[in-house]
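Chemist: Contents are mmCIF, C-alpha atoms; file name run-v4.cif:
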data_start
#
loop_
_atom_site.label_atom_id
_atom_site.label_comp_id
_atom_site.auth_asym_id
_atom_site.auth_seq_id
_atom_site.Cartn_x
_atom_site.Cartn_y
_atom_site.Cartn_z
CA TYR A 1 -38.82 56.01 -4.23
CA ARG A 2 -39.81 58.31 -7.09
CA ILE A 3 -37.61 56.60 -9.65
CA PRO A 4 -38.32 55.52 -13.23
CA VAL A 5 -39.56 51.94 -13.66
CA LEU A 6 -38.61 50.06 -16.81
CA MET A 7 -40.23 46.90 -18.19
CA ARG A 8 -38.00 44.36 -19.91
CA LEU A 9 -40.05 43.26 -22.90
CA THR A 10 -39.23 40.43 -25.30
CA THR A 11 -40.58 39.72 -28.76
CA ARG A 12 -42.39 36.51 -27.82
CA MET A 13 -44.08 38.09 -24.81
CA ALA A 14 -45.12 41.08 -26.91
CA HIS A 15 -46.66 38.70 -29.47
CA SER A 16 -48.52 36.66 -26.85
CA ARG A 17 -52.11 37.05 -25.82
CA ALA A 18 -54.20 35.69 -22.97
CA VAL A 19 -57.42 36.26 -21.08
CA VAL A 20 -56.89 38.76 -18.27
CA GLU A 21 -59.20 39.00 -15.31
CA VAL A 22 -59.39 42.56 -14.04
CA ALA A 23 -59.71 42.79 -10.27
CA GLY A 24 -61.36 46.18 -10.37
CA VAL A 25 -61.03 49.71 -11.64
CA ARG A 26 -58.54 51.77 -9.71
CA ALA A 27 -58.77 55.52 -9.50
CA GLU A 28 -55.92 57.49 -10.98
CA ASN A 29 -53.24 58.65 -8.59
CA GLU A 30 -53.78 62.11 -7.26
CA ARG A 31 -51.54 64.75 -8.72
CA SER A 32 -48.59 65.38 -6.45
CA TYR A 33 -45.14 66.88 -6.50
CA PRO A 34 -42.00 65.78 -4.66
CA ALA A 35 -41.25 67.55 -1.43
CA GLN A 36 -37.73 68.27 -2.63
CA THR A 37 -38.08 69.54 -6.16
CA ARG A 38 -34.32 70.00 -6.55
CA GLN A 39 -34.05 66.40 -7.80
CA TRP A 40 -35.83 67.52 -10.98
CA VAL A 41 -33.19 70.16 -11.72
CA LEU A 42 -30.17 68.27 -12.99
CA MET A 43 -27.51 70.79 -12.14
CA PRO A 44 -24.25 69.09 -11.11
CA GLY A 45 -24.69 70.04 -7.45
CA ASN A 46 -28.17 68.49 -7.34
CA SER A 47 -27.17 65.42 -9.36
CA ARG A 48 -24.33 64.50 -7.03
CA VAL A 49 -26.65 64.64 -4.03
CA ARG A 50 -29.35 62.67 -5.83
CA TYR A 51 -26.87 59.98 -6.91
CA ASN A 52 -25.76 59.44 -3.30
CA THR A 53 -29.43 58.99 -2.35
CA LEU A 54 -29.90 56.51 -5.16
CA LEU A 55 -26.93 54.44 -3.96
CA ASP A 56 -28.41 54.37 -0.45
CA ASP A 57 -31.77 53.29 -1.87
CA TYR A 58 -30.26 50.51 -3.97
CA ALA A 59 -29.72 48.25 -0.97
CA ARG A 60 -33.41 48.62 -0.17
CA PHE A 61 -34.29 47.81 -3.78
CA GLU A 62 -32.43 44.51 -3.43
CA THR A 63 -34.18 43.73 -0.15
CA GLU A 64 -37.57 44.42 -1.69
CA ALA A 65 -36.71 42.27 -4.73
CA ALA A 66 -35.85 39.35 -2.42
CA GLU A 67 -39.17 39.74 -0.58
CA SER A 68 -41.24 40.51 -3.68
CA ARG A 69 -44.15 38.24 -4.50
CA PHE A 70 -43.05 38.54 -8.12
CA ASN A 71 -39.72 36.82 -7.41
CA ARG A 72 -40.72 33.32 -6.34
CA TYR A 73 -38.36 30.65 -4.97
CA THR A 74 -39.82 27.14 -5.25
CA ASP A 75 -37.82 24.44 -3.48
CA ALA A 76 -37.62 20.86 -4.73
CA PRO A 77 -35.78 17.64 -3.77
CA ASP A 78 -33.46 17.23 -6.76
CA LYS A 79 -30.76 19.81 -6.16
CA SER A 80 -28.37 18.62 -8.83
CA VAL A 81 -29.33 21.78 -10.68
CA GLY A 82 -31.08 24.98 -9.69
CA ILE A 83 -33.03 26.85 -12.38
CA ILE A 84 -33.39 30.61 -12.67
CA ALA A 85 -36.09 31.54 -15.19
CA CYS A 86 -37.59 34.83 -16.34
CA GLY A 87 -40.81 35.77 -18.09
CA ILE A 88 -41.90 33.57 -20.98
CA ALA A 89 -38.93 31.25 -20.31
CA HIS A 90 -40.62 30.26 -17.03
CA ASN A 91 -43.68 29.27 -19.05
CA TYR A 92 -41.52 27.03 -21.24
CA LEU A 93 -40.03 25.43 -18.13
CA ALA A 94 -43.51 24.70 -16.79
CA GLU A 95 -44.57 23.21 -20.14
CA ASN A 96 -41.72 20.72 -19.92
CA TYR A 97 -42.63 19.76 -16.36
CA PRO A 98 -46.46 19.65 -16.35
CA GLY A 99 -46.42 17.77 -13.04
CA GLY A 100 -44.09 20.26 -11.38
CA CYS A 101 -40.35 20.85 -11.75
CA PRO A 102 -38.22 18.43 -9.68
CA HIS A 103 -35.47 21.04 -9.30
CA PRO A 104 -35.46 24.26 -7.24
CA VAL A 105 -36.71 27.17 -9.36
CA LEU A 106 -36.21 30.89 -8.87
CA LYS A 107 -38.61 32.89 -11.01
CA ILE A 108 -37.36 36.42 -11.65
CA SER A 109 -39.90 39.14 -12.41
CA GLN A 110 -38.59 42.12 -10.44
CA TYR A 111 -35.16 43.70 -10.51
CA PRO A 112 -32.56 44.28 -9.26
CA LEU A 113 -31.66 40.61 -9.15
CA PRO A 114 -32.40 39.28 -5.61
CA ALA A 115 -28.80 38.45 -4.71
CA SER A 116 -29.73 36.69 -1.46
CA LEU A 117 -32.01 34.23 -3.27
CA VAL A 118 -29.38 33.60 -5.94
CA ARG A 119 -26.77 32.87 -3.24
CA ARG A 120 -29.18 30.54 -1.47
CA MET A 121 -29.75 28.56 -4.65
CA ALA A 122 -26.01 28.44 -5.37
CA SER A 123 -25.29 27.13 -1.87
CA GLU A 124 -27.88 24.36 -2.17
CA CYS A 125 -27.49 23.23 -5.79
CA GLY A 126 -24.68 21.57 -7.69
CA SER A 127 -25.09 23.81 -10.76
CA LEU A 128 -27.30 26.56 -12.12
CA LEU A 129 -29.24 26.82 -15.38
CA ILE A 130 -30.32 30.33 -16.42
CA ILE A 131 -33.27 30.47 -18.82
CA GLU A 132 -34.06 33.92 -20.24
CA GLU A 133 -35.02 35.53 -23.52
CA GLY A 134 -32.83 37.99 -25.38
CA GLN A 135 -29.49 39.04 -24.01
CA PRO A 136 -28.05 37.02 -21.08
CA VAL A 137 -28.67 39.84 -18.62
CA VAL A 138 -29.48 37.64 -15.63
CA GLU A 139 -26.79 35.11 -16.50
CA GLN A 140 -24.12 37.82 -16.51
CA ALA A 141 -25.45 39.28 -13.27
CA VAL A 142 -25.41 35.86 -11.58
CA ARG A 143 -21.78 35.38 -12.58
CA GLY A 144 -21.00 38.70 -10.94
CA ILE A 145 -22.90 37.89 -7.74
CA LEU A 146 -21.36 34.49 -7.03
CA PRO A 147 -17.73 34.67 -5.91
CA ALA A 148 -17.03 30.95 -5.77
CA PRO A 149 -16.58 28.87 -8.95
CA LEU A 150 -19.88 27.26 -9.87
CA ASP A 151 -21.15 25.48 -12.97
CA ILE A 152 -23.44 28.13 -14.48
CA ARG A 153 -25.14 27.22 -17.75
CA GLY A 154 -27.28 29.17 -20.17
CA ARG A 155 -26.98 31.15 -23.36
CA MET A 156 -23.34 32.07 -22.74
CA THR A 157 -22.22 28.45 -22.43
CA GLY A 158 -24.19 26.96 -25.31
CA GLN A 159 -26.81 24.96 -23.42
CA LEU A 160 -29.31 27.42 -24.85
CA PRO A 161 -28.93 29.08 -28.27
CA ARG A 162 -27.01 32.35 -28.10
CA THR A 163 -29.18 33.95 -30.76
CA GLY A 164 -32.88 33.92 -31.58
CA GLU A 165 -35.88 33.25 -29.40
CA LEU A 166 -36.22 30.36 -27.00
CA THR A 167 -38.75 27.60 -27.59
CA PRO A 168 -40.13 24.91 -25.29
CA ASP A 169 -37.99 22.43 -27.25
CA SER A 170 -34.73 24.39 -26.84
CA VAL A 171 -35.45 24.68 -23.11
CA ARG A 172 -36.20 20.96 -23.03
CA ALA A 173 -32.82 20.19 -24.56
CA ALA A 174 -31.06 22.39 -21.98
CA LEU A 175 -32.85 20.47 -19.23
CA GLY A 176 -31.47 17.22 -20.61
CA LEU A 177 -34.91 15.78 -21.29
CA ALA A 178 -35.69 13.49 -24.18
CA PRO A 179 -36.97 15.41 -27.22
CA HIS A 180 -40.62 15.32 -28.11
CA ALA A 181 -41.71 13.37 -31.14
CA THR A 182 -41.43 15.57 -34.21
CA HIS A 183 -43.48 15.70 -37.36
CA ALA A 184 -42.26 16.26 -40.87
CA ALA A 185 -42.61 19.81 -42.10
CA SER A 186 -45.81 20.41 -44.02
CA GLN A 187 -45.43 20.75 -47.77
CA ILE A 188 -48.62 22.79 -47.91
CA VAL A 189 -47.86 25.55 -45.40
CA VAL A 190 -44.76 27.41 -46.54
CA PRO A 191 -43.00 30.40 -44.95
CA ARG A 192 -44.47 33.71 -46.04
CA PRO A 193 -42.22 36.73 -45.58
CA PRO A 194 -43.85 40.06 -44.70
CA ALA A 195 -44.79 42.26 -47.62
CA LEU A 196 -46.39 45.60 -48.35
CA CYS A 197 -50.17 45.31 -48.73
CA GLN A 198 -51.56 44.98 -52.23
CA GLY A 199 -52.68 48.44 -53.26
CA CYS A 200 -50.33 50.21 -50.80
CA GLY A 201 -49.09 53.60 -51.98
CA HIS A 202 -45.57 52.74 -50.80
CA ARG A 203 -45.45 50.12 -53.55
CA ASP A 204 -45.91 52.74 -56.24
CA VAL A 205 -43.33 55.01 -54.59
CA TYR A 206 -40.72 52.26 -54.55
CA THR A 207 -41.46 51.13 -58.10
CA ALA A 208 -40.79 54.64 -59.39
CA LEU A 209 -37.85 55.24 -57.03
CA LYS A 210 -36.12 52.00 -57.99
CA GLU A 211 -36.32 52.83 -61.68
CA ILE A 212 -34.89 56.30 -61.06
CA ALA A 213 -32.12 55.13 -58.70
CA ASP A 214 -30.98 52.59 -61.29
CA GLU A 215 -30.30 55.46 -63.70
CA TYR A 216 -27.40 56.58 -61.50
CA GLU A 217 -24.16 54.74 -60.85
CA ASN A 218 -23.93 55.28 -57.08
CA ALA A 219 -27.41 56.23 -55.89
CA LYS A 220 -28.02 55.45 -52.21
CA VAL A 221 -31.44 55.30 -50.55
CA PHE A 222 -31.56 55.68 -46.77
CA SER A 223 -34.83 54.44 -45.32
CA ASP A 224 -36.52 54.83 -41.95
CA ILE A 225 -38.63 52.61 -39.70
CA GLY A 226 -42.19 51.91 -40.76
CA CYS A 227 -44.23 49.79 -43.15
CA TYR A 228 -42.09 51.17 -45.95
CA THR A 229 -39.00 49.42 -44.54
CA LEU A 230 -40.40 46.39 -46.39
CA GLY A 231 -39.13 48.11 -49.52
CA TRP A 232 -35.84 46.34 -48.80
CA LEU A 233 -37.48 43.02 -49.65
CA ALA A 234 -38.41 41.59 -53.04
CA PRO A 235 -39.62 42.65 -55.48
CA PHE A 236 -38.40 46.18 -54.77
CA HIS A 237 -34.92 45.96 -53.19
CA ALA A 238 -35.19 49.74 -53.18
CA ILE A 239 -33.44 50.79 -49.94
CA ASP A 240 -29.91 50.49 -48.61
CA THR A 241 -30.26 51.22 -44.88
CA CYS A 242 -32.69 51.23 -41.97
CA VAL A 243 -31.17 51.96 -38.57
CA ASP A 244 -33.46 53.91 -36.25
CA MET A 245 -36.22 56.52 -36.24
CA GLY A 246 -35.07 59.64 -38.03
CA ALA A 247 -31.82 58.13 -39.31
CA SER A 248 -32.92 58.26 -42.94
CA ILE A 249 -32.51 62.03 -43.30
CA THR A 250 -29.42 62.33 -41.11
CA MET A 251 -27.67 59.45 -42.88
CA ALA A 252 -28.59 60.89 -46.27
CA LYS A 253 -27.16 64.24 -45.16
CA GLY A 254 -23.92 62.65 -43.95
CA ALA A 255 -23.58 60.67 -47.16
CA ALA A 256 -24.21 63.74 -49.32
CA ASP A 257 -21.69 65.76 -47.33
CA ALA A 258 -19.18 62.95 -48.01
CA GLY A 259 -19.84 63.15 -51.74
CA VAL A 260 -22.54 60.53 -52.36
CA TYR A 261 -24.84 61.49 -55.24
CA PRO A 262 -27.71 61.13 -55.41
CA SER A 263 -28.38 60.79 -51.68
CA ILE A 264 -32.06 60.00 -51.07
CA ALA A 265 -33.97 59.63 -47.81
CA VAL A 266 -37.30 57.79 -47.47
CA ILE A 267 -39.35 58.45 -44.34
CA GLY A 268 -43.01 58.08 -43.43
CA ASP A 269 -45.29 60.94 -42.46
CA SER A 270 -45.64 59.97 -38.78
CA THR A 271 -41.94 59.09 -38.40
CA PHE A 272 -41.06 62.44 -39.94
CA THR A 273 -42.96 64.28 -37.21
CA HIS A 274 -41.49 62.03 -34.51
CA SER A 275 -37.81 62.49 -35.28
CA GLY A 276 -37.24 63.44 -38.91
CA MET A 277 -37.81 67.17 -38.64
CA THR A 278 -34.61 67.92 -36.72
CA GLY A 279 -32.52 66.13 -39.34
CA LEU A 280 -34.23 68.08 -42.10
CA LEU A 281 -33.48 71.34 -40.27
CA ASP A 282 -29.82 70.38 -40.07
CA ALA A 283 -29.76 69.57 -43.79
CA VAL A 284 -31.37 72.93 -44.60
CA ASN A 285 -28.89 74.82 -42.42
CA GLU A 286 -25.96 73.02 -44.07
CA ARG A 287 -27.45 73.31 -47.58
CA SER A 288 -26.91 69.58 -48.08
CA ASN A 289 -27.67 68.13 -51.49
CA ILE A 290 -30.31 65.54 -50.57
CA THR A 291 -33.74 64.51 -51.78
CA VAL A 292 -36.19 63.58 -49.03
CA ILE A 293 -39.24 61.45 -49.83
CA ILE A 294 -41.92 61.72 -47.14
CA SER A 295 -44.18 58.82 -48.07
CA ASP A 296 -47.48 60.07 -46.66
CA ASN A 297 -50.19 57.44 -46.11
CA LEU A 298 -52.14 59.80 -43.83
CA THR A 299 -51.83 57.57 -40.77
CA THR A 300 -49.45 55.66 -38.51
CA GLY A 301 -49.85 52.48 -40.50
CA MET A 302 -47.34 50.13 -38.84
CA THR A 303 -48.91 50.32 -35.37
CA GLY A 304 -52.61 50.19 -36.15
CA GLY A 305 -53.69 53.28 -38.01
CA GLN A 306 -53.53 56.01 -35.37
CA ASP A 307 -53.69 59.64 -36.44
CA SER A 308 -50.40 61.07 -37.61
CA ALA A 309 -49.23 64.28 -35.94
CA GLY A 310 -48.43 66.03 -39.21
CA THR A 311 -51.41 64.97 -41.30
CA GLY A 312 -52.36 67.75 -43.71
CA ARG A 313 -49.46 69.96 -42.65
CA LEU A 314 -46.33 68.38 -44.06
CA GLU A 315 -45.84 71.04 -46.72
CA GLN A 316 -46.17 73.83 -44.16
CA ILE A 317 -43.83 72.07 -41.73
CA CYS A 318 -41.15 71.61 -44.39
CA ALA A 319 -41.50 75.22 -45.53
CA GLY A 320 -41.32 76.41 -41.92
CA ILE A 321 -38.12 74.44 -41.43
CA GLY A 322 -36.65 76.27 -44.40
CA VAL A 323 -37.08 74.07 -47.46
CA ASP A 324 -37.63 76.19 -50.58
CA PRO A 325 -41.39 75.90 -51.34
CA ALA A 326 -40.54 75.50 -55.02
CA HIS A 327 -38.86 72.23 -54.10
CA ILE A 328 -41.65 70.80 -51.96
CA ARG A 329 -43.49 68.60 -54.45
CA VAL A 330 -46.67 66.56 -53.88
CA VAL A 331 -47.79 63.65 -56.02
CA VAL A 332 -50.42 60.91 -55.77
CA PRO A 333 -48.66 57.51 -55.86
CA LEU A 334 -50.71 55.49 -58.34
CA PRO A 335 -49.59 53.36 -61.28
CA LYS A 336 -51.12 55.86 -63.69
CA ASN A 337 -48.96 58.62 -62.14
CA ARG A 338 -45.68 56.68 -62.28
CA GLU A 339 -44.15 58.75 -65.06
CA GLU A 340 -45.09 61.95 -63.22
CA MET A 341 -43.41 60.63 -60.05
CA LYS A 342 -40.29 59.68 -61.99
CA ALA A 343 -40.11 63.10 -63.61
CA ILE A 344 -40.44 64.85 -60.25
CA LEU A 345 -37.75 62.65 -58.71
CA ARG A 346 -35.36 63.37 -61.59
CA GLU A 347 -35.94 67.12 -61.27
CA GLU A 348 -35.42 67.19 -57.50
CA ILE A 349 -32.35 64.96 -57.61
CA ALA A 350 -30.87 67.38 -60.18
CA TYR A 351 -31.55 70.32 -57.83
CA ASP A 352 -28.44 71.23 -55.83
CA GLY A 353 -29.95 71.55 -52.36
CA VAL A 354 -32.59 70.15 -50.06
CA SER A 355 -35.77 69.06 -51.78
CA VAL A 356 -38.82 67.22 -50.45
CA VAL A 357 -41.14 64.97 -52.45
CA ILE A 358 -44.42 63.98 -50.74
CA PRO A 359 -46.23 61.05 -52.37
CA ARG A 360 -49.64 61.16 -50.65
CA ARG A 361 -52.31 58.48 -50.67
CA GLU A 362 -54.25 57.01 -47.76
CA CYS A 363 -53.16 53.68 -46.27
CA ILE A 364 -55.13 50.91 -47.91
CA GLN A 365 -56.09 49.43 -44.54
CA THR A 366 -57.48 52.64 -43.02
CA ALA A 367 -59.19 53.44 -46.33
CA LYS A 368 -61.06 50.12 -46.10
CA ARG A 369 -62.16 50.90 -42.54
CA HIS A 370 -63.23 54.43 -43.44
CA ASN A 371 -65.22 53.19 -46.44
CA ALA A 372 -66.90 50.51 -44.34
CA ALA A 373 -67.85 53.10 -41.73
CA LYS A 374 -69.36 55.36 -44.39
CA GLN A 375 -71.45 52.51 -45.78
CA LYS A 376 -72.92 51.84 -42.32
CA GLN A 377 -74.09 55.44 -41.98
#
Take the structure from the file and write it as structure tokens.

Modeler:
Amino acid sequence: YRIPVLMRLTTRMAHSRAVVEVAGVRAENERSYPAQTRQWVLMPGNSRVRYNTLLDDYARFETEAAESRFNRYTDAPDKSVGIIACGIAHNYLAENYPGGCPHPVLKISQYPLPASLVRRMASECGSLLIIEEGQPVVEQAVRGILPAPLDIRGRMTGQLPRTGELTPDSVRAALGLAPHATHAASQIVVPRPPALCQGCGHRDVYTALKEIADEYENAKVFSDIGCYTLGWLAPFHAIDTCVDMGASITMAKGAADAGVYPSIAVIGDSTFTHSGMTGLLDAVNERSNITVIISDNLTTGMTGGQDSAGTGRLEQICAGIGVDPAHIRVVVPLPKNREEMKAILREEIAYDGVSVVIPRRECIQTAKRHNAAKQKQ
């Protein structure tokens, strides 16, 4: 069909691991191009034609979903309730019925929702229970598919919690089964919130930044997404926002344009090259009075230590975007350099325009790996 395919991921599934047996190595698809390349040129005339084709294809998508081996309908004798389960929620259902579920079960793994299978279950069962992670996507779709009034239960009706992740126990409660025996919470193992690594350069950045921000009555610090987002937590409490990739600079610009002073953005080196550069360009063009801290740990620390696209070139990138080179400052974030960092931050906050401060020190985790590799040589 030559359409995009999206995977609906959930936190618990992303945090799971299992042994996977690989059937064999498949060769890559041969390079090919569509026979009608007009669908790749989204002019209005082409888009209208392509949309009509998509609508025609949608009926076939539903037919394929109903026949898909990934959408499995398992019949059972007790039809007081039919259960529709997706992904990890199906695992929880199976855990609660180790000998096999006594109710009909429709496992959903391929979309669009197989309407024919949903209608079959609705016609055979007295009620439906929808078990899914995250937003009640399937539950809402089922309510739209079934015209006749039917007792449909799930997250929207309170049988399952509306917020948070599901657990085998919450699914068990929705099934009306007796709860498992519980054990008192351990007094030895206590919750441990995430924290910046000991020795992390971001720690020294936030220690200096917090002291400087406290010198002003209305300082606002707009952060970005990365390890450094943990600066919101104790003991730093150094940031005010974290919304999406690149939002630190654009939010700081908007705040400065509205009169906030000082307006400070904190962004990591890899996030800056992903989606911070365009915001910085806008700030330069508008001559916004902001101070941007690009906390450079020379890697993509939050996702495993991959190379960062701008490593070794941040100063040149900022200068190329239009930041005055005199206001592109580099410092090594170490406790012994704290006063130097504070002095630089004061100077750049006082500057009426766009300034960039780059605290640069390698991520403590990649530094350990690099040192270990050197010792093996």

Chemist: Could you tell me which residues the PyMOL selection byres ((chain A and resi 230) around 10) grabs in this file, written as number ranges by chain?

Modeler: A: 193-196, 202-203, 223, 225-229, 231-239

Chemist: Could you write out as a ChimeraX atom specification the residues that the PyMOL selection byres ((chain A and resi 155) around 9) matches in the shown file?

Modeler: /A:130-132,135-136,139,153-154,156-163

Chemist: Next, the residues of the selection above should be written as a PDB file, in the frame of the given file with C-alpha atoms.

Modeler:
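Result saved to out.pdb:
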ATOM      1  CA  ILE A 130     -30.320  30.330 -16.420  1.00  0.00           C
ATOM      2  CA  ILE A 131     -33.270  30.470 -18.820  1.00  0.00           C
ATOM      3  CA  GLU A 132     -34.060  33.920 -20.240  1.00  0.00           C
ATOM      4  CA  GLN A 135     -29.490  39.040 -24.010  1.00  0.00           C
ATOM      5  CA  PRO A 136     -28.050  37.020 -21.080  1.00  0.00           C
ATOM      6  CA  GLU A 139     -26.790  35.110 -16.500  1.00  0.00           C
ATOM      7  CA  ARG A 153     -25.140  27.220 -17.750  1.00  0.00           C
ATOM      8  CA  GLY A 154     -27.280  29.170 -20.170  1.00  0.00           C
ATOM      9  CA  MET A 156     -23.340  32.070 -22.740  1.00  0.00           C
ATOM     10  CA  THR A 157     -22.220  28.450 -22.430  1.00  0.00           C
ATOM     11  CA  GLY A 158     -24.190  26.960 -25.310  1.00  0.00           C
ATOM     12  CA  GLN A 159     -26.810  24.960 -23.420  1.00  0.00           C
ATOM     13  CA  LEU A 160     -29.310  27.420 -24.850  1.00  0.00           C
ATOM     14  CA  PRO A 161     -28.930  29.080 -28.270  1.00  0.00           C
ATOM     15  CA  ARG A 162     -27.010  32.350 -28.100  1.00  0.00           C
ATOM     16  CA  THR A 163     -29.180  33.950 -30.760  1.00  0.00           C
TER      17      THR A 163
END

Chemist: Can you tell me how far atom CA of Val323 of chain A sits from atom CA of Ala350 of chain A, in Å to one decimal?

Modeler: 15.7 Å

Chemist: Under the PyMOL selection byres ((chain A and resi 267) around 9), which residues of this model are included? Write them out as a PyMOL selection string.

Modeler: chain A and resi 222-226+228+245-246+248-249+265-266+268-272+276+292-296

Chemist: I'd like the contact shell of segment 312-318 of chain A - 9 Å cut-off, all atoms listed in the file, skipping same-chain residues fewer than 4 positions apart - returned as JSON, numbers by chain.

Modeler: {"A": [269, 272, 273, 277, 280, 281, 294, 296, 298, 322, 323, 324, 325, 328, 329, 330, 356, 358]}

Chemist: Can you list, as a VMD selection string, every protein, DNA or RNA residue that comes within 9 Å of Thr10 of chain A when you count all atoms listed in the file, leaving out same-chain residues fewer than 2 positions away?

Modeler: chain A and resid 8 12 to 15 87 to 88 133 to 134 165

Chemist: Give me the residues near segment 213-218 of chain A as a list in words, where near means some atom within 9 Å (using only C-alpha atoms) and where sequence neighbours in that chain fewer than 5 positions away do not count.

Modeler: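 Using only C-alpha atoms, the neighbours found are Ala208, Ala238, Val260, Tyr261, Pro262 and Ser263 of chain A.
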
Chemist: Only C-alpha atoms, please: the residues just picked out, written as an mmCIF file, keeping the file's coordinate frame.

Modeler:
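Output file selection29.cif is given in full below:
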data_model
loop_
_atom_site.group_PDB
_atom_site.id
_atom_site.type_symbol
_atom_site.label_atom_id
_atom_site.label_comp_id
_atom_site.auth_asym_id
_atom_site.auth_seq_id
_atom_site.Cartn_x
_atom_site.Cartn_y
_atom_site.Cartn_z
ATOM 1 C CA ALA A 208 -40.790 54.640 -59.390
ATOM 2 C CA ALA A 238 -35.190 49.740 -53.180
ATOM 3 C CA VAL A 260 -22.540 60.530 -52.360
ATOM 4 C CA TYR A 261 -24.840 61.490 -55.240
ATOM 5 C CA PRO A 262 -27.710 61.130 -55.410
ATOM 6 C CA SER A 263 -28.380 60.790 -51.680
#

Chemist: I'd like the interatomic distance between atom CA of Ser355 of chain A and atom CA of Asn289 of chain A, to a tenth of an Å.

Modeler: 8.2 Å

Chemist: Hey, which of A:Ala174, A:Ala367, A:Leu209, A:Ile188 ends up closest to Ile349 of chain A? Count only C-alpha atoms.

Modeler: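 Between A:Ala174, A:Ala367, A:Leu209, A:Ile188, the residue approaching Ile349 of chain A most closely is A:Leu209.
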
Chemist: So the first atom is atom CA of Ala59 of chain A and the second is atom CA of Ala122 of chain A; what is the distance between them in Å, to one decimal place?

Modeler: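 Distance reported for this atom pair: 20.6 Å.
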
Chemist: Quick one: what's the axis-aligned box for segment 173-189 of chain A, all listed atoms, 3 Å on every side, centre and edges in Å to one decimal, as lines of an AutoDock Vina configuration file?

Modeler:
center_x = -39.8
center_y = 19.5
center_z = -33.6
size_x = 23.6
size_y = 18.2
size_z = 34.7

Chemist: From the options A:Gly353, A:Thr299, A:Leu177, A:Leu166, which residue's atoms come nearest to Lys253 of chain A, counting only C-alpha atoms?

Modeler: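 Nearest to Lys253 of chain A: A:Gly353.
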
Chemist: With only C-alpha atoms as the basis for distance, which of A:Ala65, A:Gly310, A:Ser116, A:Val105 is at the shortest distance from Ser275 of chain A?

Modeler: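 When distances to Ser275 of chain A are compared using only C-alpha atoms, the smallest one comes from A:Gly310.
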
Chemist: Determine, counting only C-alpha atoms, which protein, DNA and RNA residues have an atom within 9 Å of an atom of Val331 of chain A; residues of the same chain fewer than 2 positions away are not included. Present the result as a list in words.

Modeler: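 Those residues are Arg329, Pro333, Leu334, Asn337, Glu340, Met341, Ile344, Val357, Ile358, Pro359, Arg360 and Arg361 of chain A.
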
Chemist: Kindly save the residues from that selection, with C-alpha atoms included, as an mmCIF file, in the frame of the given file.

Modeler:
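Result file again.cif:
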data_model
loop_
_atom_site.group_PDB
_atom_site.id
_atom_site.type_symbol
_atom_site.label_atom_id
_atom_site.label_comp_id
_atom_site.auth_asym_id
_atom_site.auth_seq_id
_atom_site.Cartn_x
_atom_site.Cartn_y
_atom_site.Cartn_z
ATOM 1 C CA ARG A 329 -43.490 68.600 -54.450
ATOM 2 C CA PRO A 333 -48.660 57.510 -55.860
ATOM 3 C CA LEU A 334 -50.710 55.490 -58.340
ATOM 4 C CA ASN A 337 -48.960 58.620 -62.140
ATOM 5 C CA GLU A 340 -45.090 61.950 -63.220
ATOM 6 C CA MET A 341 -43.410 60.630 -60.050
ATOM 7 C CA ILE A 344 -40.440 64.850 -60.250
ATOM 8 C CA VAL A 357 -41.140 64.970 -52.450
ATOM 9 C CA ILE A 358 -44.420 63.980 -50.740
ATOM 10 C CA PRO A 359 -46.230 61.050 -52.370
ATOM 11 C CA ARG A 360 -49.640 61.160 -50.650
ATOM 12 C CA ARG A 361 -52.310 58.480 -50.670
#
